[in-house]
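**Q** Dropping in structure.txt, which is compact mmCIF, C-alpha atoms:
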# COMPACT_ATOMS: atom_id res chain seq x y z
CA MET A 9 -176.45 -72.11 17.32
CA HIS A 10 -178.13 -70.85 14.14
CA SER A 11 -175.44 -72.53 12.04
CA LEU A 12 -175.96 -75.78 13.92
CA ARG A 13 -179.72 -75.70 13.25
CA VAL A 14 -179.07 -75.11 9.56
CA LEU A 15 -176.65 -78.06 9.49
CA ILE A 16 -179.18 -80.35 11.17
CA VAL A 17 -181.96 -79.34 8.79
CA ALA A 18 -179.68 -79.83 5.80
CA SER A 19 -178.73 -83.28 7.07
CA ILE A 20 -182.38 -84.27 7.40
CA MET A 21 -183.12 -83.06 3.87
CA VAL A 22 -180.41 -85.23 2.32
CA MET A 23 -180.34 -88.92 1.42
CA ARG A 24 -177.31 -90.99 0.55
CA VAL A 25 -177.21 -92.82 -2.79
CA GLY A 26 -174.26 -94.98 -3.84
CA GLY A 27 -171.93 -93.00 -1.58
CA GLU A 28 -173.16 -89.64 -2.90
CA GLU A 29 -175.36 -87.30 -0.91
CA VAL A 30 -178.30 -85.90 -2.81
CA ALA A 31 -181.25 -83.73 -1.87
CA PRO A 32 -184.81 -84.86 -2.63
CA SER A 33 -186.07 -83.28 -5.84
CA THR A 34 -189.35 -82.09 -7.22
CA ASN A 35 -191.27 -84.14 -9.77
CA CYS A 36 -190.16 -84.04 -13.37
CA ASN A 37 -192.28 -82.89 -16.26
CA ILE A 38 -191.89 -85.99 -18.42
CA PRO A 39 -193.62 -85.31 -21.76
CA ALA A 40 -192.97 -88.65 -23.48
CA ILE A 41 -191.81 -92.26 -23.10
CA TYR A 42 -189.58 -94.14 -25.52
CA ASN A 43 -189.57 -97.82 -24.71
CA PHE A 44 -187.23 -100.58 -25.87
CA GLY A 45 -187.66 -104.23 -25.03
CA ASP A 46 -189.32 -107.58 -25.63
CA SER A 47 -192.82 -109.01 -25.13
CA ASN A 48 -192.89 -107.87 -21.51
CA SER A 49 -193.43 -104.35 -22.86
CA ASP A 50 -194.46 -104.82 -26.50
CA THR A 51 -197.73 -102.97 -27.12
CA GLY A 52 -198.23 -104.17 -30.67
CA GLY A 53 -194.93 -104.18 -32.54
CA ILE A 54 -194.48 -107.86 -33.28
CA ALA A 55 -198.21 -108.24 -33.99
CA ALA A 56 -197.96 -105.48 -36.59
CA ALA A 57 -194.84 -107.02 -38.13
CA PHE A 58 -196.13 -110.60 -38.34
CA PHE A 59 -199.47 -111.93 -37.06
CA PRO A 60 -202.03 -110.39 -34.70
CA MET A 61 -202.54 -111.73 -31.21
CA ALA A 62 -205.29 -114.30 -30.88
CA THR A 63 -208.37 -114.04 -28.74
CA PRO A 64 -208.63 -114.10 -25.71
CA CYS A 65 -205.58 -111.82 -25.38
CA GLY A 66 -206.69 -108.36 -24.32
CA GLU A 67 -210.03 -109.53 -22.98
CA THR A 68 -209.84 -107.90 -19.55
CA PHE A 69 -209.18 -104.24 -20.36
CA PHE A 70 -209.24 -103.69 -24.11
CA HIS A 71 -211.88 -106.38 -24.78
CA ARG A 72 -210.03 -107.42 -27.93
CA PRO A 73 -206.48 -108.41 -28.92
CA VAL A 74 -204.29 -105.28 -29.11
CA GLY A 75 -200.82 -106.75 -29.60
CA ARG A 76 -200.08 -107.32 -25.91
CA ALA A 77 -199.14 -110.74 -24.52
CA SER A 78 -201.59 -110.49 -21.64
CA ASP A 79 -205.27 -110.29 -20.86
CA GLY A 80 -204.92 -106.53 -20.51
CA ARG A 81 -202.40 -103.85 -19.70
CA LEU A 82 -198.65 -104.36 -19.32
CA ILE A 83 -196.26 -102.78 -16.82
CA ILE A 84 -195.35 -100.13 -19.41
CA ASP A 85 -199.04 -99.21 -19.69
CA PHE A 86 -199.31 -98.67 -15.94
CA ILE A 87 -196.10 -96.64 -15.96
CA ALA A 88 -197.56 -94.41 -18.68
CA GLU A 89 -200.76 -93.96 -16.68
CA HIS A 90 -198.72 -93.14 -13.56
CA LEU A 91 -196.91 -90.41 -15.49
CA GLY A 92 -200.17 -89.04 -16.86
CA LEU A 93 -199.33 -90.14 -20.40
CA PRO A 94 -201.34 -92.19 -22.91
CA HIS A 95 -200.55 -95.82 -23.65
CA LEU A 96 -197.69 -96.10 -26.11
CA SER A 97 -198.29 -96.83 -29.76
CA ALA A 98 -195.98 -99.39 -31.32
CA TYR A 99 -193.53 -97.85 -33.78
CA LEU A 100 -194.23 -100.66 -36.27
CA ASP A 101 -198.01 -100.14 -36.12
CA SER A 102 -199.08 -97.66 -38.81
CA ILE A 103 -202.84 -97.66 -38.25
CA GLY A 104 -204.51 -95.17 -35.92
CA THR A 105 -201.32 -94.37 -34.04
CA SER A 106 -200.11 -91.22 -32.35
CA PHE A 107 -196.51 -90.67 -31.31
CA ARG A 108 -197.11 -87.27 -29.77
CA GLN A 109 -196.06 -88.45 -26.30
CA GLY A 110 -193.75 -91.28 -27.14
CA ALA A 111 -193.32 -94.49 -29.09
CA ASN A 112 -192.73 -98.13 -28.31
CA PHE A 113 -189.91 -99.88 -30.16
CA ALA A 114 -190.19 -103.13 -28.20
CA THR A 115 -191.13 -106.34 -30.00
CA GLY A 116 -192.04 -109.74 -28.64
CA GLY A 117 -189.16 -112.21 -28.83
CA ALA A 118 -186.54 -109.46 -28.97
CA THR A 119 -183.04 -109.92 -27.59
CA ILE A 120 -180.10 -107.69 -26.79
CA MET A 121 -177.73 -109.70 -28.97
CA ARG A 122 -178.75 -110.62 -32.49
CA GLN A 123 -179.67 -114.30 -32.75
CA ASN A 124 -179.03 -116.47 -35.77
CA GLU A 125 -182.66 -117.61 -35.71
CA SER A 126 -186.00 -116.47 -37.07
CA TRP A 127 -189.48 -115.65 -35.80
CA PHE A 128 -190.83 -118.66 -37.69
CA GLU A 129 -188.27 -121.01 -36.13
CA ASN A 130 -188.17 -120.06 -32.45
CA ASN A 131 -190.28 -116.88 -32.15
CA VAL A 132 -187.13 -114.77 -32.11
CA SER A 133 -187.75 -111.19 -33.17
CA PRO A 134 -185.62 -109.81 -36.01
CA PHE A 135 -185.72 -106.49 -34.15
CA ALA A 136 -182.93 -106.89 -31.59
CA LEU A 137 -182.10 -103.97 -29.32
CA ASP A 138 -179.63 -102.37 -31.73
CA ILE A 139 -182.28 -102.46 -34.47
CA GLN A 140 -184.81 -100.88 -32.11
CA VAL A 141 -182.32 -98.08 -31.45
CA GLU A 142 -181.86 -97.70 -35.21
CA HIS A 143 -185.65 -97.42 -35.55
CA PHE A 144 -185.59 -94.67 -32.94
CA ASP A 145 -182.85 -92.84 -34.84
CA GLN A 146 -184.92 -92.95 -38.03
CA PHE A 147 -188.01 -91.90 -36.10
CA LYS A 148 -186.30 -88.85 -34.64
CA THR A 149 -184.68 -87.88 -37.94
CA ARG A 150 -187.93 -88.12 -39.87
CA THR A 151 -189.78 -86.19 -37.16
CA ALA A 152 -187.29 -83.33 -37.54
CA TYR A 153 -187.73 -83.44 -41.32
CA PHE A 154 -191.51 -83.00 -41.09
CA TYR A 155 -191.17 -80.13 -38.61
CA ASN A 156 -188.60 -78.39 -40.79
CA ASN A 157 -190.76 -78.71 -43.89
CA GLY A 158 -194.01 -77.38 -42.45
CA SER A 159 -195.81 -80.73 -42.64
CA GLU A 160 -198.68 -81.90 -40.44
CA THR A 161 -197.11 -82.82 -37.09
CA SER A 162 -200.02 -83.23 -34.67
CA THR A 163 -199.28 -86.94 -34.20
CA LEU A 164 -195.53 -86.46 -33.93
CA PRO A 165 -193.50 -85.54 -30.82
CA ARG A 166 -192.29 -82.00 -30.33
CA PRO A 167 -188.53 -81.92 -31.11
CA GLU A 168 -187.71 -80.42 -27.73
CA ASP A 169 -189.41 -83.32 -25.95
CA PHE A 170 -186.77 -85.88 -26.94
CA ALA A 171 -184.34 -84.51 -24.34
CA LYS A 172 -187.03 -84.38 -21.64
CA ALA A 173 -188.51 -87.84 -22.32
CA ILE A 174 -187.82 -90.96 -20.28
CA TYR A 175 -186.15 -93.86 -22.08
CA ILE A 176 -187.22 -97.20 -20.62
CA ILE A 177 -185.31 -100.41 -21.37
CA ASP A 178 -186.71 -103.82 -20.39
CA ILE A 179 -184.88 -106.60 -22.22
CA GLY A 180 -182.53 -109.52 -21.62
CA GLN A 181 -184.79 -112.40 -20.63
CA ASN A 182 -184.77 -113.83 -24.15
CA ASP A 183 -180.96 -113.72 -24.31
CA ILE A 184 -180.85 -116.00 -21.28
CA ALA A 185 -183.63 -118.20 -22.66
CA ALA A 186 -181.70 -118.54 -25.93
CA GLY A 187 -178.83 -120.05 -23.99
CA PHE A 188 -181.14 -122.64 -22.45
CA ARG A 189 -182.72 -123.39 -25.82
CA LYS A 190 -179.34 -123.86 -27.48
CA MET A 191 -178.33 -126.32 -24.75
CA MET A 192 -175.46 -124.13 -23.59
CA SER A 193 -173.97 -125.06 -20.23
CA ASN A 194 -174.49 -122.74 -17.27
CA GLU A 195 -170.84 -121.77 -17.50
CA GLN A 196 -171.19 -120.90 -21.18
CA ILE A 197 -174.26 -118.75 -20.56
CA ILE A 198 -172.57 -116.90 -17.69
CA ALA A 199 -169.48 -116.38 -19.85
CA SER A 200 -171.69 -114.71 -22.49
CA ILE A 201 -173.21 -112.18 -20.08
CA PRO A 202 -170.46 -109.52 -20.30
CA ASP A 203 -170.93 -109.26 -24.07
CA ILE A 204 -174.71 -109.00 -23.61
CA VAL A 205 -174.64 -106.21 -21.03
CA ASN A 206 -171.93 -104.37 -22.96
CA GLN A 207 -174.20 -104.44 -26.01
CA LEU A 208 -177.00 -102.95 -23.92
CA ALA A 209 -174.59 -100.28 -22.69
CA SER A 210 -173.67 -99.49 -26.30
CA SER A 211 -177.35 -98.99 -27.10
CA VAL A 212 -177.75 -96.64 -24.14
CA GLN A 213 -174.73 -94.67 -25.33
CA GLN A 214 -176.24 -94.39 -28.80
CA LEU A 215 -179.52 -93.12 -27.38
CA TYR A 216 -177.54 -90.61 -25.31
CA GLU A 217 -175.75 -89.41 -28.44
CA LYS A 218 -179.18 -88.97 -30.07
CA GLY A 219 -180.33 -86.74 -27.23
CA GLY A 220 -181.68 -89.16 -24.60
CA ARG A 221 -180.95 -88.01 -21.06
CA VAL A 222 -183.28 -89.89 -18.71
CA PHE A 223 -182.94 -93.68 -18.58
CA TRP A 224 -185.00 -96.15 -16.52
CA ILE A 225 -183.45 -99.62 -16.95
CA HIS A 226 -185.22 -102.77 -15.75
CA SER A 227 -183.39 -105.87 -14.62
CA THR A 228 -184.60 -109.21 -15.93
CA GLY A 229 -187.13 -111.25 -13.98
CA PRO A 230 -186.90 -114.67 -12.30
CA ILE A 231 -187.04 -116.72 -15.49
CA GLY A 232 -186.94 -119.95 -13.50
CA CYS A 233 -190.30 -119.05 -11.96
CA LEU A 234 -192.15 -118.94 -15.26
CA PRO A 235 -194.76 -121.72 -15.15
CA VAL A 236 -193.62 -123.15 -18.49
CA ALA A 237 -190.25 -123.80 -16.84
CA THR A 238 -191.79 -125.78 -14.00
CA VAL A 239 -194.98 -127.38 -15.33
CA ASP A 240 -193.29 -130.61 -16.43
CA VAL A 241 -190.87 -130.88 -13.53
CA HIS A 242 -191.74 -134.00 -11.55
CA ASP A 243 -189.73 -135.51 -8.69
CA PRO A 244 -186.74 -133.20 -9.20
CA VAL A 245 -183.40 -133.95 -7.63
CA ARG A 246 -182.65 -132.08 -4.45
CA GLY A 247 -181.67 -128.48 -5.14
CA TYR A 248 -183.16 -128.34 -8.64
CA LEU A 249 -186.03 -126.17 -7.39
CA ASP A 250 -185.67 -123.36 -4.89
CA GLN A 251 -187.87 -122.89 -1.83
CA GLN A 252 -190.62 -121.28 -3.94
CA GLY A 253 -190.62 -124.06 -6.53
CA CYS A 254 -188.68 -122.14 -9.21
CA VAL A 255 -185.88 -123.67 -11.28
CA LYS A 256 -182.87 -122.58 -9.26
CA TYR A 257 -180.11 -122.66 -11.86
CA GLN A 258 -182.17 -120.52 -14.23
CA ASN A 259 -182.79 -117.93 -11.55
CA ASP A 260 -179.12 -118.00 -10.54
CA ILE A 261 -178.17 -117.03 -14.10
CA ALA A 262 -180.78 -114.24 -14.10
CA VAL A 263 -179.31 -112.94 -10.82
CA GLU A 264 -175.81 -112.94 -12.31
CA PHE A 265 -177.09 -111.13 -15.40
CA ASN A 266 -178.70 -108.49 -13.20
CA LYS A 267 -175.55 -108.04 -11.12
CA GLN A 268 -173.52 -107.33 -14.25
CA LEU A 269 -176.29 -105.12 -15.66
CA LYS A 270 -176.30 -102.99 -12.51
CA ASP A 271 -172.52 -102.71 -12.63
CA ILE A 272 -172.63 -101.49 -16.24
CA VAL A 273 -175.32 -98.92 -15.38
CA ILE A 274 -173.06 -97.57 -12.64
CA LYS A 275 -170.19 -97.32 -15.13
CA LEU A 276 -172.42 -95.52 -17.61
CA ARG A 277 -173.17 -92.86 -15.00
CA ALA A 278 -169.49 -91.98 -14.93
CA GLN A 279 -169.33 -91.81 -18.73
CA LEU A 280 -172.60 -90.08 -19.64
CA LEU A 281 -172.19 -87.02 -17.49
CA ASN A 282 -175.43 -85.30 -18.51
CA ALA A 283 -177.60 -88.39 -18.14
CA SER A 284 -179.73 -89.67 -15.30
CA LEU A 285 -179.66 -93.49 -15.18
CA THR A 286 -181.87 -95.51 -12.84
CA TYR A 287 -181.48 -99.27 -12.38
CA VAL A 288 -184.77 -100.95 -11.40
CA ASP A 289 -184.74 -104.30 -9.60
CA MET A 290 -187.56 -105.97 -11.51
CA TYR A 291 -186.35 -109.39 -10.36
CA THR A 292 -187.15 -108.67 -6.72
CA ALA A 293 -190.55 -107.18 -7.56
CA LYS A 294 -191.63 -110.26 -9.52
CA TYR A 295 -190.13 -112.73 -7.07
CA GLN A 296 -191.87 -111.01 -4.17
CA LEU A 297 -195.19 -111.33 -5.96
CA ILE A 298 -194.61 -115.04 -6.57
CA THR A 299 -193.51 -115.57 -2.97
CA ASN A 300 -196.56 -113.79 -1.55
CA ALA A 301 -199.12 -114.74 -4.19
CA LYS A 302 -201.92 -115.87 -1.88
CA ASN A 303 -201.35 -113.03 0.60
CA GLN A 304 -201.80 -110.61 -2.30
CA GLY A 305 -205.11 -112.11 -3.43
CA PHE A 306 -203.78 -114.42 -6.15
CA GLU A 307 -204.19 -118.15 -6.55
CA GLU A 308 -201.30 -120.63 -6.65
CA ALA A 309 -198.31 -118.80 -8.15
CA PHE A 310 -197.67 -121.26 -10.99
CA LYS A 311 -201.21 -121.54 -12.31
CA ILE A 312 -201.52 -120.68 -16.01
CA CYS A 313 -204.67 -118.81 -17.02
CA CYS A 314 -204.64 -119.07 -20.81
CA GLY A 315 -203.55 -122.20 -22.65
CA ILE A 316 -203.00 -125.79 -21.61
CA HIS A 317 -199.60 -127.10 -20.57
CA GLY A 318 -198.39 -130.29 -18.95
CA ASN A 319 -197.57 -133.94 -19.55
CA GLY A 320 -195.20 -132.94 -22.32
CA SER A 321 -197.87 -131.16 -24.37
CA SER A 322 -198.65 -127.49 -24.88
CA VAL A 323 -201.60 -125.70 -26.41
CA TRP A 324 -200.68 -122.03 -26.35
CA CYS A 325 -203.10 -119.27 -25.47
CA GLY A 326 -205.78 -118.84 -28.13
CA GLN A 327 -204.48 -121.74 -30.22
CA ARG A 328 -205.93 -125.11 -31.12
CA ALA A 329 -204.09 -128.43 -31.26
CA LYS A 330 -204.82 -132.11 -31.40
CA ILE A 331 -203.82 -134.14 -28.36
CA ASN A 332 -204.51 -137.87 -28.32
CA GLY A 333 -206.80 -137.46 -31.32
CA SER A 334 -208.92 -134.71 -29.77
CA GLU A 335 -208.88 -131.04 -30.71
CA ILE A 336 -208.07 -128.90 -27.71
CA TYR A 337 -208.51 -125.12 -27.45
CA GLY A 338 -206.22 -123.09 -25.24
CA GLY A 339 -208.80 -120.78 -23.73
CA SER A 340 -208.57 -118.54 -20.69
CA CYS A 341 -209.47 -119.14 -17.06
CA GLU A 342 -212.63 -117.86 -15.41
CA ASP A 343 -211.00 -114.98 -13.53
CA PRO A 344 -207.62 -113.77 -14.87
CA SER A 345 -207.40 -111.19 -12.10
CA LYS A 346 -206.68 -113.99 -9.60
CA VAL A 347 -203.82 -115.48 -11.61
CA ILE A 348 -200.23 -114.23 -11.87
CA SER A 349 -199.31 -115.93 -15.16
CA TRP A 350 -201.43 -115.18 -18.19
CA ASP A 351 -200.01 -117.76 -20.60
CA GLY A 352 -197.16 -119.49 -18.79
CA VAL A 353 -194.58 -116.90 -19.92
CA HIS A 354 -196.23 -113.50 -19.56
CA TYR A 355 -197.98 -111.90 -16.62
CA SER A 356 -201.66 -111.11 -16.24
CA GLU A 357 -202.91 -107.53 -16.10
CA SER A 358 -203.50 -107.76 -12.36
CA ALA A 359 -199.95 -109.04 -11.80
CA ASN A 360 -198.54 -106.32 -14.06
CA HIS A 361 -200.46 -103.73 -12.06
CA TRP A 362 -199.09 -105.09 -8.78
CA ILE A 363 -195.52 -105.08 -10.10
CA ALA A 364 -195.82 -101.58 -11.57
CA ASN A 365 -197.07 -100.22 -8.26
CA TYR A 366 -194.11 -101.86 -6.56
CA ILE A 367 -191.46 -100.25 -8.79
CA VAL A 368 -192.70 -96.73 -9.61
CA ASN A 369 -192.14 -95.44 -6.06
CA GLY A 370 -188.40 -96.04 -6.30
CA SER A 371 -188.12 -98.51 -3.43
CA LEU A 372 -186.41 -101.03 -5.74
CA SER A 373 -184.40 -98.50 -7.72
CA ASP A 374 -180.78 -97.43 -7.63
CA PRO A 375 -180.74 -94.57 -6.88
CA PRO A 376 -183.92 -94.94 -4.76
CA ILE A 377 -186.04 -92.28 -6.43
CA PRO A 378 -189.57 -92.60 -7.83
CA ILE A 379 -190.04 -92.58 -11.56
CA VAL A 380 -191.67 -89.14 -11.43
CA GLN A 381 -188.26 -87.81 -10.29
CA ALA A 382 -186.15 -89.91 -12.65
CA CYS A 383 -184.97 -86.84 -14.60
CA HIS A 384 -182.83 -85.61 -11.73
CA LYS A 385 -179.18 -86.54 -11.95
CA LEU A 386 -178.04 -87.74 -8.54
Here is the file; what I need is its structure written in the form of structure tokens.

**A**
Amino acid sequence: MHSLRVLIVASIMVMRVGGEEVAPSTNCNIPAIYNFGDSNSDTGGIAAAFFPMATPCGETFFHRPVGRASDGRLIIDFIAEHLGLPHLSAYLDSIGTSFRQGANFATGGATIMRQNESWFENNVSPFALDIQVEHFDQFKTRTAYFYNNGSETSTLPRPEDFAKAIYIIDIGQNDIAAGFRKMMSNEQIIASIPDIVNQLASSVQQLYEKGGRVFWIHSTGPIGCLPVATVDVHDPVRGYLDQQGCVKYQNDIAVEFNKQLKDIVIKLRAQLLNASLTYVDMYTAKYQLITNAKNQGFEEAFKICCGIHGNGSSVWCGQRAKINGSEIYGGSCEDPSKVISWDGVHYSESANHWIANYIVNGSLSDPPIPIVQACHKL
């Protein structure tokens, strides 16, 4: 009877993940975050490399532009707060930065695959994912140099923290968008996805070889739900938009990308035996917000807060342009907290907060563990 009770208790204390049984774990002591990605998580990289963000970006929380494509904090900022860590400084930003508890290598416009384009042509970052990983390699090497030579290191990470840190990757949306921009067919874009996700896997492997052990990998969002994708859609043919009003074929490609991304993460688990890799279903989180916008206190899901778009014309957030002979300013709405989309492409602080709360508890993760337990290999 005693053995039976023990077996029952053990069964209760175990959850099943991907066919493997694992016991719930205690929270990790995550001392730092290293982030790689695009404008969804860029906290100042592309602004430091090229031009600063324009007002009114940053108005809600920072009360000034701080290199984020939003009115305030991004999902990565809320993740940092959830882990008890400071907001990440951009690696490319040399003024007033501290990398003691991590660094952000993400840049707006970044892609997984290098694009034969420029920032000045199509806002494509020159810092693709492999370059971001190279930046990390240089960062870690130079950190070790300063420690070994008795230099001032108060703003640098402790060498032992690299293995304990969490490595977050949120990138891929711009690779899909590049296919649309280049007028590739749906079949051509889908055919390119294996190369894209394999390149991401190569970057994860490189980070692993450099000492990374804990990986939190975001899927791409519903790109067809971005307001700039729908604002000029009038009288569409049947099936062009889905039931929420998003461009269906664009979302279908994002779903296929995410399927292959999840598959490659599962394969990486078998290859990187000392790593913990978590796949996070960012697509579902964002789509759920759009689907339930009004129930969650937001206005119409496709409203754009900052900038003016429609009728074939666009005045981007904080910019000025002449339309029909009149100068128009792309200012912000009265209450950004009620709007999901900040500028037609990026999310508002309130939307980012909602999404972050939805993903950090692990309910959309594989394996289904909260981010505070992401260090445990399941």

**Q** Please provide as a PyMOL selection string all residues within 7 Å of A:Cys36, with the sequence filter that same-chain residues fewer than 5 positions apart are discarded (counting all atoms listed in the file).

**A** chain A and resi 380-381+383

**Q** Using only C-alpha atoms, find each residue of stretch 77-173 of chain A with at least one atom at most 6 Å away from an atom of stretch 62-66 of chain A; report its shortest atom-to-atom pair and that distance in Å (one decimal), sort the rows by chain and rising residue number, and return the result as JSON lines.

**A**
{"residue": "A:Ser78", "atom": "CA", "partner": "A:Cys65", "partner_atom": "CA", "distance": 5.6}
{"residue": "A:Asp79", "atom": "CA", "partner": "A:Gly66", "partner_atom": "CA", "distance": 4.2}
{"residue": "A:Gly80", "atom": "CA", "partner": "A:Gly66", "partner_atom": "CA", "distance": 4.6}

**Q** Just give me the gap between atom CA of A:Ala186 and atom CA of A:Gln296 in Å, one decimal is fine.

**A** 25.2 Å

**Q** Please determine, counting only C-alpha atoms, which residue among A:Phe113, A:Tyr99, A:Phe58, A:Tyr287 has the shortest atom-to-atom distance to A:Ile225.

**A**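 Answer, going by the shortest atom-to-atom distance: A:Tyr287.
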
**Q** So which one's closest to A:Ile363, A:His226, A:His71, A:Arg328, A:Lys385? Using all atoms listed in the file, please.

**A**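 Under the stated criterion, the closest residue is A:His226.
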
**Q** So the first atom is atom CA of A:Ala111 and the second is atom CA of A:Gln213; what is the distance between them in Å, to one decimal place?

**A** 19.0 Å

**Q** Kindly give the distance, in Å, that separates atom CA of A:His384 and atom CA of A:Ala283, rounded to a single decimal.

**A**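 A separation of 8.7 Å between them.
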
**Q** Quick one: everything within 12 Å of A:Gly253, counting only C-alpha atoms, minus sequence neighbours fewer than 4 positions away in the same chain. Send it as an MDAnalysis selection string.

**A** chainID A and resid 230 232:235 237:239 241:244 246:249 257:259 295 298:299 308:310

**Q** Could you turn the residues from that selection into a file that holds C-alpha atoms, as a short mmCIF file (atom, residue, chain, number, x, y, z; two decimals), keeping the file's coordinate frame?

**A**
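And here's result18.cif as it stands now:
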data_model
loop_
_atom_site.label_atom_id
_atom_site.label_comp_id
_atom_site.auth_asym_id
_atom_site.auth_seq_id
_atom_site.Cartn_x
_atom_site.Cartn_y
_atom_site.Cartn_z
CA PRO A 230 -186.90 -114.67 -12.30
CA GLY A 232 -186.94 -119.95 -13.50
CA CYS A 233 -190.30 -119.05 -11.96
CA LEU A 234 -192.15 -118.94 -15.26
CA PRO A 235 -194.76 -121.72 -15.15
CA ALA A 237 -190.25 -123.80 -16.84
CA THR A 238 -191.79 -125.78 -14.00
CA VAL A 239 -194.98 -127.38 -15.33
CA VAL A 241 -190.87 -130.88 -13.53
CA HIS A 242 -191.74 -134.00 -11.55
CA ASP A 243 -189.73 -135.51 -8.69
CA PRO A 244 -186.74 -133.20 -9.20
CA ARG A 246 -182.65 -132.08 -4.45
CA GLY A 247 -181.67 -128.48 -5.14
CA TYR A 248 -183.16 -128.34 -8.64
CA LEU A 249 -186.03 -126.17 -7.39
CA TYR A 257 -180.11 -122.66 -11.86
CA GLN A 258 -182.17 -120.52 -14.23
CA ASN A 259 -182.79 -117.93 -11.55
CA TYR A 295 -190.13 -112.73 -7.07
CA ILE A 298 -194.61 -115.04 -6.57
CA THR A 299 -193.51 -115.57 -2.97
CA GLU A 308 -201.30 -120.63 -6.65
CA ALA A 309 -198.31 -118.80 -8.15
CA PHE A 310 -197.67 -121.26 -10.99
#

**Q** Of the residues A:Met61, A:Cys313, A:Ile184, A:Val353, which is the one nearest to A:Gln327, using all atoms listed in the file?

**A** A:Met61

**Q** Measuring atom to atom with only C-alpha atoms, identify which of A:Ser162, A:Asn206, A:Gln268, A:Asn319 is nearest to A:Arg108.

**A**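 When distances to A:Arg108 are compared using only C-alpha atoms, the smallest one comes from A:Ser162.
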
**Q** Which polymer residues have any atom within 9 Å of an atom of A:Ser373, counting only C-alpha atoms, with same-chain residues fewer than 5 positions away left out, as a PyMOL selection string?

**A** chain A and resi 286-290+367-368+378

**Q** Near A:Glu89, counting all atoms listed in the file, which residues have an atom at most 12 Å away, once you skip same-chain residues fewer than 6 positions from it, shown as a list in words?

**A** Ala40, Ile41, Arg81, Leu82, Ile83, His95, Leu96, His361, Ala364, Asn365, Val368, Ile379 and Val380 of chain A

**Q** Which one of A:Ile103, A:Leu164, A:Ala57, A:Val205 sits closest to A:Arg150 if you count all atoms listed in the file?

**A**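 Of the candidates, the smallest distance to A:Arg150 is held by A:Leu164.
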
**Q** Distance cut-off 12 Å, centre (-198.0, -95.5, -29.2) in file coordinates, counting all atoms listed in the file: which residues qualify? Return them as a ChimeraX atom specification.

**A** /A:40-43,49-53,74-75,84-85,88,93-114,163-165

**Q** Which residue is closest to A:Asp169? Choose from A:Ile316, A:His90, A:Ser349, A:Ala152 and count all atoms listed in the file.

**A**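 Nearest candidate to A:Asp169 out of A:Ile316, A:His90, A:Ser349, A:Ala152: A:Ala152.
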
**Q** Using all atoms listed in the file, list the residues that have an atom at most 10 Å from (-199.6, -135.2, -28.2), coordinates as in the file, as number ranges by chain.

**A** A: 319-323, 329-334

**Q** Would you fill out stretch 101-112 of chain A with N, CA and C atoms and return it as a PDB file, in the frame of the given file?

**A**
ATOM      1  N   ASP A 101    -196.574-100.130 -35.839  1.00  0.00           N
ATOM      2  CA  ASP A 101    -198.010-100.140 -36.120  1.00  0.00           C
ATOM      3  C   ASP A 101    -198.394 -98.818 -36.787  1.00  0.00           C
ATOM      4  N   SER A 102    -198.829 -98.886 -38.033  1.00  0.00           N
ATOM      5  CA  SER A 102    -199.080 -97.660 -38.810  1.00  0.00           C
ATOM      6  C   SER A 102    -200.534 -97.208 -38.794  1.00  0.00           C
ATOM      7  N   ILE A 103    -201.411 -97.971 -38.173  1.00  0.00           N
ATOM      8  CA  ILE A 103    -202.840 -97.660 -38.250  1.00  0.00           C
ATOM      9  C   ILE A 103    -203.326 -97.026 -36.945  1.00  0.00           C
ATOM     10  N   GLY A 104    -203.885 -95.835 -37.061  1.00  0.00           N
ATOM     11  CA  GLY A 104    -204.510 -95.170 -35.920  1.00  0.00           C
ATOM     12  C   GLY A 104    -203.564 -94.859 -34.789  1.00  0.00           C
ATOM     13  N   THR A 105    -202.302 -94.585 -35.088  1.00  0.00           N
ATOM     14  CA  THR A 105    -201.320 -94.370 -34.040  1.00  0.00           C
ATOM     15  C   THR A 105    -200.998 -92.895 -33.863  1.00  0.00           C
ATOM     16  N   SER A 106    -200.618 -92.551 -32.641  1.00  0.00           N
ATOM     17  CA  SER A 106    -200.110 -91.220 -32.350  1.00  0.00           C
ATOM     18  C   SER A 106    -198.823 -91.369 -31.563  1.00  0.00           C
ATOM     19  N   PHE A 107    -197.801 -90.635 -31.987  1.00  0.00           N
ATOM     20  CA  PHE A 107    -196.510 -90.670 -31.310  1.00  0.00           C
ATOM     21  C   PHE A 107    -196.222 -89.348 -30.606  1.00  0.00           C
ATOM     22  N   ARG A 108    -197.277 -88.592 -30.356  1.00  0.00           N
ATOM     23  CA  ARG A 108    -197.110 -87.270 -29.770  1.00  0.00           C
ATOM     24  C   ARG A 108    -196.369 -87.328 -28.429  1.00  0.00           C
ATOM     25  N   GLN A 109    -196.663 -88.351 -27.633  1.00  0.00           N
ATOM     26  CA  GLN A 109    -196.060 -88.450 -26.300  1.00  0.00           C
ATOM     27  C   GLN A 109    -195.256 -89.728 -26.123  1.00  0.00           C
ATOM     28  N   GLY A 110    -194.652 -90.152 -27.237  1.00  0.00           N
ATOM     29  CA  GLY A 110    -193.750 -91.280 -27.140  1.00  0.00           C
ATOM     30  C   GLY A 110    -194.036 -92.363 -28.166  1.00  0.00           C
ATOM     31  N   ALA A 111    -193.178 -93.369 -28.167  1.00  0.00           N
ATOM     32  CA  ALA A 111    -193.320 -94.490 -29.090  1.00  0.00           C
ATOM     33  C   ALA A 111    -192.705 -95.720 -28.448  1.00  0.00           C
ATOM     34  N   ASN A 112    -193.215 -96.869 -28.848  1.00  0.00           N
ATOM     35  CA  ASN A 112    -192.730 -98.130 -28.310  1.00  0.00           C
ATOM     36  C   ASN A 112    -192.010 -98.914 -29.403  1.00  0.00           C
TER      37      ASN A 112
END
